[in-house]
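Asker: Let me begin by handing over the structure; questions about it come next.
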Amino acid sequence: MDSYPVTITIDGPAASGKTTVGLMLARHIDYLFLDTGCMYRAVTLAALERGVSVEDEIGITHLTRRLEMDILPAGVESDGRHYTVLLNGADVTWALRGAEVDVNVSQVSTYAGVRADLVRRQRAIGERGRVVMVGRDIGTVVMPSATLKLYVTASKEERARRRWKELEGRFRDASYEQILAEIERRDQIDGNREVAPMRPASDAIIIDTTNRTPDEVIQDILALEPFQPAAQN
Ligand code: DC
């Protein structure tokens, strides 16, 4: 176990299955799971709550630097959460999934100052090791020397269908078509921004989860060389 890759990076577009896969993998090998998307969401929520315009790059950058952000294991909460996010001490775990955050987070994550601050926090966690870190630029920018990099993707129709199902009973007032359009819009912003655009690292292994269950995907990952007994010696 001790010779598994110290840091495993998982990047990929919205609703590609990277969080589900990352969580399952982290549990399986007893690693910390860190979803970096929730950090960009926390900044966005803080801006919305404080009335800082999402167009105000300088204001949002200052706000980010002052934010106290904590990501903790889910603990005793049994409301379906995978972890708990505290923003200046308040539990915002579900608020981060609201429609207003969804619509604005890609814009906020284009700002270089916001990224620099969050990348610094992410590296501090990554350097402690034994972590599965999930996002858009983890293999390319945050932990470029990680020894196992995965890029998890799926067709945009499949991703929209998953997001639509996921929102069932919670915040869902959008149609499948609206969710698909929103996914296309976010892919466009995340993939074309100037700073750290979403793309696979040159040494990433691409995993397409379209028409595959999370269990099948995990089996594929555990069949990779770094997890084989020979690689453990
Ligand atoms: O994975 P998610 O949908 O929770 O991510 C929310 C947004 O944050 C996404 O639109 C892009 C941004 N993001 C990023 O730019 N870099 C990361 N490492 C993680 C997320």
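Going through the structure tokens in order, the chains are called A, B, and so on, while each chain numbers its residues from 1 and the ligands are numbered from 1 in the order shown.
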DSSP on the backbone: what in region 68-102 of chain A comes out strand (DSSP E or B), as a list in words?
Answerer: Met69, Asp70, Ile71, Leu72, Pro73, Tyr83, Thr84, Val85, Leu86, Leu87, Ala90 and Asp91 of chain A
Asker: So that I have them on file, write out the residues from the current selection with N, CA and C atoms, as a compact mmCIF listing (two decimals), in the first residue's frame.
Answerer:
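Output contents, as saved in selection10.txt:
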```txt
# COMPACT_ATOMS: atom_id res chain seq x y z
N MET A 69 -11.22 28.72 4.64
CA MET A 69 -11.93 27.61 4.00
C MET A 69 -11.42 26.30 4.58
N ASP A 70 -12.35 25.44 4.95
CA ASP A 70 -11.95 24.15 5.52
C ASP A 70 -12.74 23.04 4.85
N ILE A 71 -12.05 21.97 4.49
CA ILE A 71 -12.75 20.83 3.88
C ILE A 71 -12.50 19.63 4.78
N LEU A 72 -13.59 19.11 5.32
CA LEU A 72 -13.47 18.05 6.33
C LEU A 72 -14.17 16.78 5.86
N PRO A 73 -13.79 15.62 6.39
CA PRO A 73 -14.54 14.40 6.08
C PRO A 73 -16.00 14.57 6.50
N TYR A 83 -18.27 15.17 1.79
CA TYR A 83 -17.35 15.89 2.66
C TYR A 83 -18.09 17.13 3.11
N THR A 84 -17.51 17.83 4.09
CA THR A 84 -18.14 19.05 4.59
C THR A 84 -17.24 20.24 4.27
N VAL A 85 -17.85 21.30 3.75
CA VAL A 85 -17.07 22.51 3.46
C VAL A 85 -17.50 23.62 4.42
N LEU A 86 -16.53 24.19 5.12
CA LEU A 86 -16.81 25.31 6.02
C LEU A 86 -16.21 26.58 5.41
N LEU A 87 -17.04 27.60 5.37
CA LEU A 87 -16.58 28.89 4.85
C LEU A 87 -16.68 29.88 6.01
N ALA A 90 -18.89 28.52 8.67
CA ALA A 90 -20.28 28.10 8.40
C ALA A 90 -20.30 26.91 7.43
N ASP A 91 -21.20 25.98 7.66
CA ASP A 91 -21.33 24.80 6.79
C ASP A 91 -22.06 25.21 5.51
```
Asker: Need the shell around region 151-155 of chain A: protein/DNA/RNA residues with any atom at most 10 Å away, counting only C-alpha atoms. Skip same-chain ones fewer than 4 positions apart. Format as a ChimeraX atom specification?
Answerer: /A:9-19,21-22,134-136,138-139,159-160,199-201,203-212,217
Asker: Convert the current residue selection to file output with N, CA and C atoms, as an mmCIF file, in the first residue's frame.
Answerer:
```cif
data_model
loop_
_atom_site.group_PDB
_atom_site.id
_atom_site.type_symbol
_atom_site.label_atom_id
_atom_site.label_comp_id
_atom_site.auth_asym_id
_atom_site.auth_seq_id
_atom_site.Cartn_x
_atom_site.Cartn_y
_atom_site.Cartn_z
ATOM 1 N N THR A 9 -3.862 12.337 -9.428
ATOM 2 C CA THR A 9 -4.646 13.470 -9.909
ATOM 3 C C THR A 9 -5.737 12.965 -10.848
ATOM 4 N N ILE A 10 -6.919 13.557 -10.722
ATOM 5 C CA ILE A 10 -8.022 13.223 -11.626
ATOM 6 C C ILE A 10 -8.605 14.537 -12.150
ATOM 7 N N ASP A 11 -8.445 14.756 -13.422
ATOM 8 C CA ASP A 11 -9.047 15.937 -14.045
ATOM 9 C C ASP A 11 -10.132 15.491 -15.020
ATOM 10 N N GLY A 12 -10.944 16.451 -15.434
ATOM 11 C CA GLY A 12 -11.984 16.132 -16.408
ATOM 12 C C GLY A 12 -13.112 17.139 -16.340
ATOM 13 N N PRO A 13 -13.993 17.116 -17.350
ATOM 14 C CA PRO A 13 -15.074 18.102 -17.413
ATOM 15 C C PRO A 13 -16.183 17.845 -16.396
ATOM 16 N N ALA A 14 -17.099 18.811 -16.291
ATOM 17 C CA ALA A 14 -18.228 18.720 -15.357
ATOM 18 C C ALA A 14 -19.022 17.441 -15.600
ATOM 19 N N ALA A 15 -19.405 16.784 -14.512
ATOM 20 C CA ALA A 15 -20.281 15.602 -14.546
ATOM 21 C C ALA A 15 -19.697 14.431 -15.347
ATOM 22 N N SER A 16 -18.370 14.351 -15.418
ATOM 23 C CA SER A 16 -17.751 13.241 -16.152
ATOM 24 C C SER A 16 -17.660 11.985 -15.291
ATOM 25 N N GLY A 17 -17.940 12.137 -13.998
ATOM 26 C CA GLY A 17 -17.828 10.992 -13.089
ATOM 27 C C GLY A 17 -16.553 11.053 -12.268
ATOM 28 N N LYS A 18 -15.788 12.135 -12.395
ATOM 29 C CA LYS A 18 -14.487 12.169 -11.717
ATOM 30 C C LYS A 18 -14.621 12.197 -10.198
ATOM 31 N N THR A 19 -15.669 12.831 -9.678
ATOM 32 C CA THR A 19 -15.838 12.873 -8.225
ATOM 33 C C THR A 19 -16.209 11.491 -7.689
ATOM 34 N N VAL A 21 -15.666 8.573 -9.062
ATOM 35 C CA VAL A 21 -14.526 7.678 -9.241
ATOM 36 C C VAL A 21 -13.419 8.019 -8.235
ATOM 37 N N GLY A 22 -13.166 9.300 -8.060
ATOM 38 C CA GLY A 22 -12.119 9.747 -7.135
ATOM 39 C C GLY A 22 -12.413 9.314 -5.708
ATOM 40 N N VAL A 134 -8.961 16.016 -7.218
ATOM 41 C CA VAL A 134 -9.825 16.048 -8.394
ATOM 42 C C VAL A 134 -10.081 17.488 -8.834
ATOM 43 N N GLY A 135 -10.009 17.754 -10.145
ATOM 44 C CA GLY A 135 -10.292 19.111 -10.623
ATOM 45 C C GLY A 135 -10.204 19.227 -12.126
ATOM 46 N N ARG A 136 -9.604 20.335 -12.593
ATOM 47 C CA ARG A 136 -9.458 20.579 -14.030
ATOM 48 C C ARG A 136 -7.990 20.694 -14.441
ATOM 49 N N ILE A 138 -5.241 19.753 -12.169
ATOM 50 C CA ILE A 138 -4.414 19.187 -11.085
ATOM 51 C C ILE A 138 -3.168 18.518 -11.675
ATOM 52 N N GLY A 139 -3.367 17.742 -12.746
ATOM 53 C CA GLY A 139 -2.210 17.080 -13.363
ATOM 54 C C GLY A 139 -1.322 18.040 -14.143
ATOM 55 N N ARG A 159 -23.135 13.248 -19.753
ATOM 56 C CA ARG A 159 -22.869 14.087 -18.589
ATOM 57 C C ARG A 159 -24.108 14.903 -18.203
ATOM 58 N N ALA A 160 -24.826 15.395 -19.210
ATOM 59 C CA ALA A 160 -26.038 16.168 -18.936
ATOM 60 C C ALA A 160 -27.092 15.264 -18.294
ATOM 61 N N ARG A 199 -7.425 20.605 -19.574
ATOM 62 C CA ARG A 199 -6.940 19.696 -20.620
ATOM 63 C C ARG A 199 -6.173 18.565 -19.934
ATOM 64 N N PRO A 200 -6.086 17.404 -20.610
ATOM 65 C CA PRO A 200 -5.332 16.315 -19.989
ATOM 66 C C PRO A 200 -3.846 16.643 -19.973
ATOM 67 N N ALA A 201 -3.128 16.268 -18.925
ATOM 68 C CA ALA A 201 -1.665 16.383 -18.928
ATOM 69 C C ALA A 201 -1.141 15.442 -20.008
ATOM 70 N N ASP A 203 0.998 13.271 -19.890
ATOM 71 C CA ASP A 203 1.206 11.905 -19.402
ATOM 72 C C ASP A 203 -0.025 11.350 -18.678
ATOM 73 N N ALA A 204 -1.205 11.948 -18.915
ATOM 74 C CA ALA A 204 -2.421 11.450 -18.252
ATOM 75 C C ALA A 204 -2.985 10.235 -18.990
ATOM 76 N N ILE A 205 -3.623 9.365 -18.236
ATOM 77 C CA ILE A 205 -4.338 8.230 -18.832
ATOM 78 C C ILE A 205 -5.799 8.663 -18.983
ATOM 79 N N ILE A 206 -6.311 8.547 -20.205
ATOM 80 C CA ILE A 206 -7.689 9.006 -20.469
ATOM 81 C C ILE A 206 -8.668 7.869 -20.164
ATOM 82 N N ILE A 207 -9.682 8.192 -19.381
ATOM 83 C CA ILE A 207 -10.675 7.174 -19.033
ATOM 84 C C ILE A 207 -12.048 7.692 -19.445
ATOM 85 N N ASP A 208 -12.679 7.019 -20.398
ATOM 86 C CA ASP A 208 -14.003 7.440 -20.878
ATOM 87 C C ASP A 208 -15.057 6.648 -20.108
ATOM 88 N N THR A 209 -15.908 7.353 -19.363
ATOM 89 C CA THR A 209 -16.893 6.668 -18.503
ATOM 90 C C THR A 209 -18.265 6.547 -19.160
ATOM 91 N N THR A 210 -18.396 6.973 -20.424
ATOM 92 C CA THR A 210 -19.677 6.851 -21.119
ATOM 93 C C THR A 210 -20.081 5.372 -21.142
ATOM 94 N N ASN A 211 -21.318 5.104 -20.759
ATOM 95 C CA ASN A 211 -21.843 3.720 -20.742
ATOM 96 C C ASN A 211 -21.076 2.775 -19.822
ATOM 97 N N ARG A 212 -20.400 3.309 -18.829
ATOM 98 C CA ARG A 212 -19.701 2.433 -17.879
ATOM 99 C C ARG A 212 -20.153 2.775 -16.464
ATOM 100 N N VAL A 217 -15.391 1.289 -13.908
ATOM 101 C CA VAL A 217 -14.292 2.252 -14.066
ATOM 102 C C VAL A 217 -13.219 2.017 -13.001
#
```
Asker: Hey, which bits of chain A sit within 6 Å of ligand 1, and for each residue what's the closest pair of atoms and how far apart in Å (one decimal), counting only C-alpha atoms and all ligand atoms, rows by chain and increasing number, as JSON lines?
Answerer:
```
{"residue": "A:Ala14", "atom": "CA", "partner": "ligand 1", "partner_atom_place_in_ligand_line": "3 (O)", "distance": 4.9}
{"residue": "A:Thr36", "atom": "CA", "partner": "ligand 1", "partner_atom_place_in_ligand_line": "19 (C)", "distance": 4.8}
{"residue": "A:Gly37", "atom": "CA", "partner": "ligand 1", "partner_atom_place_in_ligand_line": "20 (C)", "distance": 3.6}
{"residue": "A:Cys38", "atom": "CA", "partner": "ligand 1", "partner_atom_place_in_ligand_line": "4 (O)", "distance": 5.3}
{"residue": "A:Tyr40", "atom": "CA", "partner": "ligand 1", "partner_atom_place_in_ligand_line": "8 (O)", "distance": 4.9}
{"residue": "A:Arg41", "atom": "CA", "partner": "ligand 1", "partner_atom_place_in_ligand_line": "6 (C)", "distance": 5.9}
{"residue": "A:Val105", "atom": "CA", "partner": "ligand 1", "partner_atom_place_in_ligand_line": "7 (C)", "distance": 5.2}
{"residue": "A:Ser106", "atom": "CA", "partner": "ligand 1", "partner_atom_place_in_ligand_line": "10 (O)", "distance": 3.9}
{"residue": "A:Ser109", "atom": "CA", "partner": "ligand 1", "partner_atom_place_in_ligand_line": "15 (O)", "distance": 4.9}
{"residue": "A:Gly135", "atom": "CA", "partner": "ligand 1", "partner_atom_place_in_ligand_line": "18 (N)", "distance": 3.6}
{"residue": "A:Arg136", "atom": "CA", "partner": "ligand 1", "partner_atom_place_in_ligand_line": "18 (N)", "distance": 4.2}
{"residue": "A:Asp137", "atom": "CA", "partner": "ligand 1", "partner_atom_place_in_ligand_line": "18 (N)", "distance": 4.9}
{"residue": "A:Ile138", "atom": "CA", "partner": "ligand 1", "partner_atom_place_in_ligand_line": "18 (N)", "distance": 5.8}
{"residue": "A:Arg186", "atom": "CA", "partner": "ligand 1", "partner_atom_place_in_ligand_line": "10 (O)", "distance": 5.8}
{"residue": "A:Asp190", "atom": "CA", "partner": "ligand 1", "partner_atom_place_in_ligand_line": "11 (C)", "distance": 5.6}
```
Asker: May I have all residues of region 94-220 of chain A that DSSP, computed from the backbone, assigns to alpha helix (DSSP H), given as a PyMOL selection string?
Answerer: chain A and resi 99-108+112-126+156-166+176-192+214-220
Asker: Give the answer as one residue: which of A:Gly126, A:Pro226, A:Gly51, A:Gly80 has the shortest atom-to-atom distance to Leu34 (chain A), using only C-alpha atoms?
Answerer: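 Among the listed residues, the smallest separation from Leu34 (chain A) belongs to A:Gly126.
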Asker: Excluding Ile60 (chain A) and residues on its chain fewer than 2 positions from it, collect all residues at most 9 Å away from it, counting only C-alpha atoms, and give them as a PyMOL selection string.
Answerer: chain A and resi 43-44+46-47+52-58+62-65+108+111+113-114
Asker: Within 12 Å of Ala181 (chain A), counting only C-alpha atoms, which residues qualify if same-chain residues fewer than 5 places away don't, as a list in words?
Answerer: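 My reading of the contact set: Val103, Lys156, Glu157, Arg159, Ala160, Arg161, Arg163, Trp164, Ala174, Ser175, Tyr176, Arg186, Asp187 and Gln188 of chain A.
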Asker: To one decimal place, how far is CA of Thr7 (chain A) from CA of Arg97 (chain A) in Å?
Answerer: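 Straight-line distance from CA of Thr7 (chain A) to CA of Arg97 (chain A) works out to 26.4 Å.
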Asker: Which residue out of A:Leu32, A:Leu67, A:Ala99, A:Ile8 has the minimum interatomic distance to Asp117 (chain A) when only C-alpha atoms are used?
Answerer: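 Closest to Asp117 (chain A) of all the choices is A:Leu67.
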Asker: If you measure from CA of Ile218 (chain A) to CA of Arg81 (chain A), what distance in Å do you get, rounded to one decimal?
Answerer: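 These two atoms are separated by 20.4 Å.
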Asker: Which residue out of A:Leu45, A:Val132, A:Ala74, A:Val141 has the minimum interatomic distance to Glu100 (chain A) when only C-alpha atoms are used?
Answerer: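 Selected residue with least distance to Glu100 (chain A): A:Leu45.
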Asker: Determine the nearest neighbour of Asn192 (chain A) from the options A:Leu222, A:Ala230, A:Arg115, A:Thr110, counting only C-alpha atoms.
Answerer: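 Once distances to Asn192 (chain A) are computed over only C-alpha atoms, the minimum belongs to A:Thr110.
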Asker: For CA of Arg66 (chain A) and CA of Tyr31 (chain A), determine how far apart the two atoms are, in Å to one decimal place.
Answerer: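 These two atoms are separated by 28.7 Å.
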